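Student: Sharing a structure with you now.
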Protein chains: 2
Amino acid sequence: MTEEARYRALARGLRILEAVADGRGGLTVTELAELTGTDKSSVSRLVATLVDLGFLARLDNRRVVLTGRVLSLAKGFQKQYNLSEIARPYLQELCDVVGETVILTIRQGDYTVSIEQIDPEQPFRMVPHIGNLAPLHATAAGRAILFALPVVEQHRILDDLRDAPVEHPEVRLDRESWARELELARTRGFVWIPRTDDVERVAALAQDRNGLPLAAVSIYGPKYRMQNRVTELGREARATAAKMSRAAYGIRAREHSR
Amino acid sequence: MTEEARYRALARGLRILEAVADGRGGLTVTELAELTGTDKSSVSRLVATLVDLGFLARLDNRRVVLTGRVLSLAKGFQKQYNLSEIARPYLQELCDVVGETVILTIRQGDYTVSIEQIDPEQPFRMVPHIGNLAPLHATAAGRAILFALPVVEQHRILDDLRDAPVEHPEVRLDRESWARELELARTRGFVWIPRTDDVERVAALAQDRNGLPLAAVSIYGPKYRMQNRVTELGREARATAAKMSRAAYGIRAREHSR
DNA sequence: GGCTTTGTTGCCGTATATGCAACTGTATTG
DNA sequence: CAATACAGTTGCATATACGGCAACAAAGCC
């Protein structure tokens with residue numbers, strides 16, 4: 001997330017695309033200028049070329065939105081990342097057993113991104129999570145991944161993320177309680193973070209043969225259905241993650257060095 | 001798709017991302033250099049920054065693949081493009097009725113992109129189409145959209161796409177037979193293209209209040225199940241598209257001027 | 001171990017991205 | 001409806017970062 005000296009235009013253009021993706025109902029040039037810390041003139045020109053290139057579309061001469069072009073990028077990722085295919089039947093099975101939403105999340109640098117989601121046949125469904133980005137320390141899935149990394153790397157990442165914005169402030173942790181959390185997760189075999197909102201989540205980790213994190217399996221559900229089942233669901237998630245680990249035996253965790 | 005003079009680095013970077021998305025199992029620098037018509041040195045540096053930015057990941061010091069970062073862009077699009085939400089129940093209903101895969105496709109410049117797909121509960125499913133790009137004249141869905149445009153624009157697009165690569169060569173059309181195809185689609189109310197492969201497709205158009213194309217509703221299925229049902233399924237697709245047109249009455253087709 | 005192929009780096013000229021400021025056009029407000 | 005405020009685009013000068021060539025390093029391949 002640091003500003004690179006070279007190919008600044010490319011970095012800024014991609015930053016603009018991400019900002020537009022995060023926004024609701026289109027962003028204006030000045031909003032983008034504020035978000036990216038760039039002069040309006042540059043943003044205006046960058047936006048113009050992104051429109052020419054077909055990645056942005058003008059909504060009303062003021063706001064721009066993403067075009068469907070980005071879907072082909074996502075498709076390319078899904079096609080290449082074969083862990084999804086391996087995992088899907090296990091996720092489906094888990095969803096059928098527990099009757100709640102199941103999500104698969106992988107590491108992406110210091111962040112996580114959700115890549116698969118399977119919903120039970122319920123009248124009210126969880127919002128789509130595929131594509132969600134979150135700092136590694138802020139979610140149950142992220143912590144399941146983080147806990148499996150070498151401790152020095154954990155601390156490096158925690159330091160880096162100290163000032164990253166998180167959605168739920170209660171997940172911030174000082175380093176002392178971190179060790180306790182880690183120990184707790186180790187003994188339980190899954191991660192559960194008490195939260196103040198209405199959604200309960202548990203996460204367990206699928207590992208490669210070296211014990212490095214491949215992906216986290218999470219169960220999401222409304223608190224009123226899940227609050228008495230946390231231990232049971234945590235065990236289910238752990239069992240599914242273990243099965244996935246075996247099924248993906250050949251796959252090695254990707255490098256994430258900088 | 002023309003090379004713009006300004007912000008060449010941005011255009012090239014995005015081009016690289018798309019090339020990697022199209023490729024199978026990662027591309028090398030030289031492959032990318034050939035595909036994009038750029039010097040290896042520039043590609044090497046562009047790839048390095050794209051890796052730094054977290055959009056590409058190195059696979060084996062030679063090949064690069066996309067990261068999950070692009071999923072968040074796709075999520076942003078899906079969130080913004082509310083036609084999907086409006087359409088989904090109708091697509092689901094159509095899928096339930098006909099028992100085949102249903103796909104929603106929109107226009108993106110001279111191309112189409114599929115944005116929704118609903119599969120029936122069958123042991124063998126259609127491959128995922130979301131994110132597929134195709135030239136407007138090459139598919140049933142694309143033609144359903146193209147036929148609703150002013151004739152001069154149709155010819156302009158056909159001229160532009162004359163040399164675009166198409167997956168199935170048999171879809172190429174000279175301009176004389178074009179008028180016949182157009183007339184045929186008008187009278188039938190849907191588009192069906194005889195093809196030599198094993199998949200049958202019919203497509204019908206949802207329009208905005210001005211008659212401009214909003215999206216195409218397609219039914220996909222294996223030939224052995226669909227070949228005797230083409231007319232029936234075409235009518236079903238047309239009926240669903242009509243319902244969607246009414247449901248999306250307020251929505252105007254996006255501008256696609258250049 | 002030589003040979004081929006591929007990826008990275010130095011270097012320099014030039015194209016070009018950028019920020020400032022002026023300008024235009026569009027909403028806003030009384 | 002006029003005056004105002006604000007957002008978006010454009011001119012311009014300058015620094016600079018991009019891009020191509022060529023040399024270098026590194027990794028497969030006989």
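Going by the structure tokens order, chains are called A, B, ..., each with residues numbered from 1, while ligands are numbered from 1 in the order shown.
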Quick check: residues of chain B within 12 Å of chain D, only C-alpha atoms (C1' of nucleotides), returned as number ranges by chain.

Tutor: B: 6-10, 12, 38-46, 61-62

Student: Restrict the distance test to only C-alpha atoms, flag each residue of chain B within 8 Å of chain A, and return the flagged residues as JSON, numbers by chain.

Tutor: {"B": [1, 6, 7, 9, 10, 11, 13, 17, 18, 20, 21, 22, 23, 24, 25, 26, 46, 49, 52, 53, 54, 59, 65, 66, 67, 68, 69, 70, 71, 72, 73, 74, 75, 76, 77, 79, 80, 108, 109, 113, 115, 130, 131, 132, 133, 254, 258]}

Student: Compute the chain C side of the contact with chain B at 10 Å, counting only C-alpha atoms (C1' of nucleotides), and hand it back as a list of chain:residue names.

Tutor: C:DT6, C:DG7, C:DT8, C:DT9, C:DA15, C:DT16, C:DA17

Student: Please list as a PDB file with N, CA and C atoms, in the first residue's frame every residue within 8 Å of Gln207 (chain A), counting only C-alpha atoms (C1' of nucleotides) and excluding residues in the same chain fewer than 6 positions away.

Tutor:
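Below is the file that was written, out_20.pdb:
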```
ATOM      1  N   PRO A 213      -0.443 -21.928   5.770  1.00  0.00           N
ATOM      2  CA  PRO A 213      -1.880 -21.761   5.524  1.00  0.00           C
ATOM      3  C   PRO A 213      -2.240 -21.766   4.047  1.00  0.00           C
ATOM      4  N   LEU A 214      -3.186 -22.600   3.686  1.00  0.00           N
ATOM      5  CA  LEU A 214      -3.730 -22.622   2.334  1.00  0.00           C
ATOM      6  C   LEU A 214      -4.959 -21.729   2.239  1.00  0.00           C
ATOM      7  N   ALA A 215      -5.891 -21.947   3.158  1.00  0.00           N
ATOM      8  CA  ALA A 215      -7.140 -21.196   3.122  1.00  0.00           C
ATOM      9  C   ALA A 215      -7.875 -21.409   4.440  1.00  0.00           C
ATOM     10  N   ALA A 242      -9.647 -29.975   7.683  1.00  0.00           N
ATOM     11  CA  ALA A 242      -8.697 -31.083   7.674  1.00  0.00           C
ATOM     12  C   ALA A 242      -8.865 -31.924   6.418  1.00  0.00           C
ATOM     13  N   SER A 245      -7.353 -30.126   3.589  1.00  0.00           N
ATOM     14  CA  SER A 245      -5.892 -30.186   3.635  1.00  0.00           C
ATOM     15  C   SER A 245      -5.396 -31.463   2.982  1.00  0.00           C
ATOM     16  N   ALA A 253       1.348 -23.746  -0.378  1.00  0.00           N
ATOM     17  CA  ALA A 253       0.931 -22.369  -0.131  1.00  0.00           C
ATOM     18  C   ALA A 253       1.799 -21.432  -0.956  1.00  0.00           C
TER      19      ALA A 253
END
```

Student: Could you find all residues in region 94-175 of chain B that DSSP calls strand (DSSP E or B) from the backbone, and write them as number ranges by chain?

Tutor: B: 101-108, 111-118, 133-135

Student: Would you kindly return, as number ranges by chain, each protein, DNA or RNA residue with an atom no farther than 8 Å from any atom of region 144-154 of chain B, considering only C-alpha atoms (C1' of nucleotides) and excluding same-chain residues fewer than 6 positions away?

Tutor: B: 106-107, 136-137, 182, 185, 190-191, 203-205, 211-216

Student: Run DSSP on the backbone of this structure and report the residues of region 168-198 of chain A it assigns to helix (DSSP H, G or I), as a PyMOL selection string.

Tutor: chain A and resi 169-171+175-188

Student: Just to confirm, what's the straight-line distance from CA of Ser84 (chain B) to CA of Arg156 (chain B) in Å (one decimal)?

Tutor: 28.8 Å
